[in-house]
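Enquirer: What follows is start.txt, made up of compact mmCIF, N, CA and C atoms:
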# COMPACT_ATOMS: atom_id res chain seq x y z
N MET N 1085 19.48 38.40 -26.23
CA MET N 1085 19.49 37.04 -25.71
C MET N 1085 18.07 36.50 -25.61
N LYS N 1086 17.13 37.37 -25.28
CA LYS N 1086 15.73 36.96 -25.16
C LYS N 1086 15.18 36.50 -26.51
N ILE N 1087 15.55 37.21 -27.57
CA ILE N 1087 15.10 36.86 -28.91
C ILE N 1087 15.69 35.51 -29.33
N PHE N 1088 16.95 35.25 -28.95
CA PHE N 1088 17.60 33.99 -29.27
C PHE N 1088 16.83 32.82 -28.65
N PHE N 1089 16.47 32.93 -27.38
CA PHE N 1089 15.74 31.85 -26.73
C PHE N 1089 14.33 31.69 -27.30
N LEU N 1090 13.70 32.79 -27.68
CA LEU N 1090 12.38 32.71 -28.31
C LEU N 1090 12.48 31.97 -29.64
N ARG N 1091 13.49 32.30 -30.43
CA ARG N 1091 13.68 31.60 -31.70
C ARG N 1091 13.97 30.13 -31.48
N LEU N 1092 14.74 29.81 -30.44
CA LEU N 1092 15.05 28.43 -30.12
C LEU N 1092 13.79 27.65 -29.74
N VAL N 1093 12.92 28.27 -28.95
CA VAL N 1093 11.66 27.63 -28.56
C VAL N 1093 10.78 27.39 -29.79
N ILE N 1094 10.69 28.38 -30.66
CA ILE N 1094 9.89 28.24 -31.88
C ILE N 1094 10.47 27.14 -32.76
N LEU N 1095 11.80 27.06 -32.85
CA LEU N 1095 12.45 26.00 -33.62
C LEU N 1095 12.08 24.62 -33.07
N PHE N 1096 12.17 24.44 -31.76
CA PHE N 1096 11.85 23.15 -31.16
C PHE N 1096 10.38 22.79 -31.31
N ILE N 1097 9.51 23.76 -31.23
CA ILE N 1097 8.08 23.50 -31.45
C ILE N 1097 7.84 23.06 -32.90
N GLY N 1098 8.46 23.74 -33.84
CA GLY N 1098 8.32 23.38 -35.25
C GLY N 1098 8.88 22.00 -35.55
N LEU N 1099 10.06 21.68 -35.00
CA LEU N 1099 10.64 20.36 -35.21
C LEU N 1099 9.79 19.27 -34.59
N THR N 1100 9.22 19.53 -33.44
CA THR N 1100 8.35 18.56 -32.78
C THR N 1100 7.12 18.27 -33.63
N ILE N 1101 6.50 19.31 -34.15
CA ILE N 1101 5.31 19.13 -35.00
C ILE N 1101 5.68 18.37 -36.27
N ALA N 1102 6.80 18.74 -36.88
CA ALA N 1102 7.21 18.07 -38.13
C ALA N 1102 7.49 16.59 -37.89
N HIS N 1103 8.17 16.27 -36.83
CA HIS N 1103 8.52 14.87 -36.58
C HIS N 1103 7.35 14.07 -36.05
N LEU N 1104 6.41 14.71 -35.41
CA LEU N 1104 5.18 14.01 -35.05
C LEU N 1104 4.44 13.59 -36.32
N GLY N 1105 4.41 14.46 -37.30
CA GLY N 1105 3.78 14.13 -38.58
C GLY N 1105 4.46 12.96 -39.26
N VAL N 1106 5.80 12.95 -39.26
CA VAL N 1106 6.55 11.83 -39.84
C VAL N 1106 6.24 10.54 -39.08
N SER N 1107 6.22 10.63 -37.76
CA SER N 1107 5.93 9.45 -36.94
C SER N 1107 4.54 8.91 -37.22
N PHE N 1108 3.56 9.79 -37.34
CA PHE N 1108 2.19 9.35 -37.62
C PHE N 1108 2.09 8.68 -38.99
N PHE N 1109 2.79 9.25 -39.99
CA PHE N 1109 2.79 8.63 -41.31
C PHE N 1109 3.41 7.24 -41.26
N LEU N 1110 4.51 7.09 -40.52
CA LEU N 1110 5.17 5.79 -40.42
C LEU N 1110 4.30 4.78 -39.68
N LEU N 1111 3.65 5.21 -38.60
CA LEU N 1111 2.80 4.30 -37.82
C LEU N 1111 1.57 3.88 -38.60
N ALA N 1112 1.05 4.77 -39.44
CA ALA N 1112 -0.14 4.46 -40.22
C ALA N 1112 0.18 3.73 -41.53
N ASP N 1113 1.46 3.54 -41.82
CA ASP N 1113 1.89 2.92 -43.08
C ASP N 1113 1.33 3.64 -44.30
N LEU N 1114 1.32 4.96 -44.25
CA LEU N 1114 0.84 5.76 -45.37
C LEU N 1114 1.98 6.20 -46.29
N GLY N 1115 3.19 5.92 -45.91
CA GLY N 1115 4.33 6.37 -46.69
C GLY N 1115 4.86 7.69 -46.15
N SER N 1116 5.86 8.20 -46.80
CA SER N 1116 6.46 9.44 -46.34
C SER N 1116 7.24 10.07 -47.49
N ASP N 1117 7.96 11.14 -47.17
CA ASP N 1117 8.76 11.81 -48.19
C ASP N 1117 9.98 10.95 -48.53
N PRO N 1118 10.64 11.20 -49.66
CA PRO N 1118 11.75 10.35 -50.11
C PRO N 1118 12.88 10.22 -49.09
N PHE N 1119 13.23 11.29 -48.40
CA PHE N 1119 14.33 11.20 -47.43
C PHE N 1119 13.97 10.25 -46.30
N ASN N 1120 12.77 10.37 -45.76
CA ASN N 1120 12.37 9.48 -44.67
C ASN N 1120 12.15 8.04 -45.14
N VAL N 1121 11.80 7.86 -46.40
CA VAL N 1121 11.71 6.51 -46.95
C VAL N 1121 13.11 5.89 -46.98
N MET N 1122 14.12 6.68 -47.36
CA MET N 1122 15.48 6.19 -47.35
C MET N 1122 15.91 5.81 -45.92
N ILE N 1123 15.60 6.67 -44.96
CA ILE N 1123 15.94 6.41 -43.56
C ILE N 1123 15.24 5.14 -43.08
N GLN N 1124 13.96 5.00 -43.42
CA GLN N 1124 13.21 3.83 -43.02
C GLN N 1124 13.81 2.56 -43.65
N GLY N 1125 14.22 2.66 -44.91
CA GLY N 1125 14.87 1.53 -45.57
C GLY N 1125 16.18 1.15 -44.92
N LEU N 1126 16.99 2.15 -44.56
CA LEU N 1126 18.24 1.88 -43.86
C LEU N 1126 17.98 1.24 -42.50
N PHE N 1127 16.96 1.73 -41.80
CA PHE N 1127 16.61 1.17 -40.49
C PHE N 1127 16.17 -0.28 -40.62
N ARG N 1128 15.30 -0.57 -41.56
CA ARG N 1128 14.81 -1.94 -41.73
C ARG N 1128 15.92 -2.88 -42.20
N THR N 1129 16.81 -2.39 -43.08
CA THR N 1129 17.94 -3.20 -43.52
C THR N 1129 18.86 -3.50 -42.35
N GLU N 1130 19.12 -2.50 -41.52
CA GLU N 1130 19.97 -2.70 -40.35
C GLU N 1130 19.34 -3.72 -39.41
N GLN N 1131 18.03 -3.65 -39.22
CA GLN N 1131 17.34 -4.59 -38.33
C GLN N 1131 17.45 -6.02 -38.85
N GLN N 1132 17.37 -6.20 -40.16
CA GLN N 1132 17.45 -7.55 -40.74
C GLN N 1132 18.87 -8.10 -40.70
N LEU N 1133 19.86 -7.24 -40.92
CA LEU N 1133 21.24 -7.71 -41.00
C LEU N 1133 21.91 -7.83 -39.63
N PHE N 1134 21.77 -6.79 -38.80
CA PHE N 1134 22.53 -6.75 -37.56
C PHE N 1134 21.67 -6.79 -36.30
N SER N 1135 20.53 -6.16 -36.35
CA SER N 1135 19.59 -6.10 -35.22
C SER N 1135 20.21 -5.51 -33.96
N PHE N 1136 20.90 -4.36 -34.12
CA PHE N 1136 21.44 -3.65 -32.96
C PHE N 1136 20.29 -3.05 -32.17
N GLU N 1137 20.31 -3.21 -30.86
CA GLU N 1137 19.21 -2.70 -30.03
C GLU N 1137 19.20 -1.17 -29.97
N PHE N 1138 20.38 -0.56 -30.02
CA PHE N 1138 20.44 0.90 -29.89
C PHE N 1138 20.04 1.62 -31.17
N ALA N 1139 19.98 0.91 -32.28
CA ALA N 1139 19.66 1.53 -33.57
C ALA N 1139 18.15 1.63 -33.73
N THR N 1140 17.63 2.84 -33.57
CA THR N 1140 16.21 3.09 -33.79
C THR N 1140 16.07 3.95 -35.04
N HIS N 1141 14.85 4.10 -35.50
CA HIS N 1141 14.58 4.95 -36.67
C HIS N 1141 15.10 6.36 -36.41
N GLY N 1142 14.83 6.89 -35.24
CA GLY N 1142 15.26 8.25 -34.90
C GLY N 1142 16.77 8.40 -34.84
N ARG N 1143 17.45 7.42 -34.27
CA ARG N 1143 18.91 7.50 -34.17
C ARG N 1143 19.56 7.39 -35.55
N ILE N 1144 19.03 6.54 -36.40
CA ILE N 1144 19.57 6.44 -37.75
C ILE N 1144 19.31 7.74 -38.50
N HIS N 1145 18.15 8.35 -38.30
CA HIS N 1145 17.84 9.64 -38.91
C HIS N 1145 18.83 10.70 -38.46
N MET N 1146 19.13 10.75 -37.16
CA MET N 1146 20.09 11.73 -36.64
C MET N 1146 21.49 11.47 -37.19
N LEU N 1147 21.89 10.20 -37.29
CA LEU N 1147 23.21 9.86 -37.80
C LEU N 1147 23.37 10.29 -39.26
N ILE N 1148 22.39 9.98 -40.09
CA ILE N 1148 22.46 10.36 -41.51
C ILE N 1148 22.45 11.89 -41.65
N SER N 1149 21.61 12.57 -40.88
CA SER N 1149 21.56 14.04 -40.93
C SER N 1149 22.89 14.64 -40.51
N PHE N 1150 23.50 14.08 -39.47
CA PHE N 1150 24.80 14.56 -39.01
C PHE N 1150 25.87 14.34 -40.09
N LEU N 1151 25.85 13.18 -40.73
CA LEU N 1151 26.82 12.91 -41.79
C LEU N 1151 26.66 13.88 -42.96
N ILE N 1152 25.42 14.21 -43.30
CA ILE N 1152 25.18 15.18 -44.38
C ILE N 1152 25.74 16.54 -44.00
N ILE N 1153 25.54 16.97 -42.76
CA ILE N 1153 26.05 18.26 -42.31
C ILE N 1153 27.57 18.28 -42.35
N VAL N 1154 28.22 17.20 -41.91
CA VAL N 1154 29.68 17.13 -41.93
C VAL N 1154 30.19 17.21 -43.37
N VAL N 1155 29.57 16.48 -44.28
CA VAL N 1155 29.99 16.52 -45.68
C VAL N 1155 29.81 17.93 -46.23
N LEU N 1156 28.69 18.58 -45.92
CA LEU N 1156 28.46 19.95 -46.40
C LEU N 1156 29.46 20.93 -45.83
N LEU N 1157 29.87 20.75 -44.58
CA LEU N 1157 30.85 21.65 -43.98
C LEU N 1157 32.17 21.64 -44.74
N PHE N 1158 32.54 20.50 -45.28
CA PHE N 1158 33.82 20.38 -45.96
C PHE N 1158 33.74 20.58 -47.47
N THR N 1159 32.54 20.51 -48.04
CA THR N 1159 32.46 20.57 -49.50
C THR N 1159 31.75 21.80 -50.05
N ASP N 1160 30.78 22.34 -49.34
CA ASP N 1160 29.96 23.42 -49.87
C ASP N 1160 30.40 24.75 -49.28
N SER N 1161 30.94 25.62 -50.11
CA SER N 1161 31.44 26.91 -49.60
C SER N 1161 30.31 27.87 -49.26
N SER N 1162 29.09 27.61 -49.72
CA SER N 1162 27.98 28.50 -49.39
C SER N 1162 27.33 28.12 -48.06
N PHE N 1163 27.69 26.95 -47.53
CA PHE N 1163 27.16 26.52 -46.23
C PHE N 1163 27.76 27.42 -45.15
N PRO N 1164 27.02 27.70 -44.07
CA PRO N 1164 27.58 28.59 -43.02
C PRO N 1164 28.97 28.15 -42.58
N HIS N 1165 29.84 29.09 -42.43
CA HIS N 1165 31.24 28.91 -42.03
C HIS N 1165 32.08 28.29 -43.14
N GLY N 1166 31.56 28.26 -44.36
CA GLY N 1166 32.34 27.79 -45.49
C GLY N 1166 32.80 26.36 -45.31
N ASN N 1167 34.00 26.09 -45.74
CA ASN N 1167 34.54 24.74 -45.63
C ASN N 1167 35.60 24.66 -44.54
N LEU N 1168 35.48 25.47 -43.52
CA LEU N 1168 36.35 25.49 -42.34
C LEU N 1168 37.77 25.93 -42.64
N LYS N 1169 38.01 26.57 -43.78
CA LYS N 1169 39.34 27.08 -44.10
C LYS N 1169 39.43 28.52 -43.63
N GLN N 1170 40.52 28.87 -43.01
CA GLN N 1170 40.76 30.25 -42.56
C GLN N 1170 41.25 31.07 -43.74
N THR N 1171 40.71 32.29 -43.88
CA THR N 1171 41.19 33.15 -44.96
C THR N 1171 41.95 34.32 -44.39
For this file, write the structure as structure tokens.
Expert:
Amino acid sequence: MKIFFLRLVILFIGLTIAHLGVSFFLLADLGSDPFNVMIQGLFRTEQQLFSFEFATHGRIHMLISFLIIVVLLFTDSSFPHGNLKQT
């Protein structure tokens, strides 16, 4: 259990550093990787069309990432837990 929490802490530290880098690139207008450019485009399009207050860059990023995971759970048999079919 101790190793699990240590791995969890290391994961959160790594994610924090990675997303700080993305945030700095976005704030400096230096560009970013293709996935985050897509997220930024979706965010800006949403702001122009609907302007929902709850929709932030981070929330749209989480939503798209969640949708990708759900699609992978049902389509990719090599993804952990397969496609949720019992054998």
Enquirer: Could you check how far atom C of N:Phe1109 sits from atom C of N:Arg1128, in Å to one decimal?
Expert: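 Result for atom C of N:Phe1109 versus atom C of N:Arg1128: 16.1 Å, one decimal.
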Enquirer: Please extract the residues of chain N with a backbone DSSP assignment of helix (DSSP H, G or I) and present them as a ChimeraX atom specification.
Expert: /N:1086-1111,1118-1133,1141-1159
Enquirer: Go ahead and compute the interatomic distance for atom C of N:Ala1112 and atom N of N:Met1146, in Å to one decimal.
Expert: 20.7 Å
Enquirer: Give as a list in words each residue that has an atom at most 8 Å from (14.7, 7.7, -38.9) in the file, counting only N, CA and C atoms.
Expert: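 Looking at atoms near the point gives Phe1119, Asn1120, Met1122, Ile1123, Gln1124, Gly1125, Phe1127, Thr1140, His1141, Gly1142, Arg1143, Ile1144, His1145, Met1146 and Leu1147 of chain N.
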Enquirer: Quick check, in Å to one decimal: how far apart do atom CA of N:Leu1095 and atom CA of N:Gly1115 lie?
Expert: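 Computing the Euclidean distance for atom CA of N:Leu1095 and atom CA of N:Gly1115 yields 24.9 Å.
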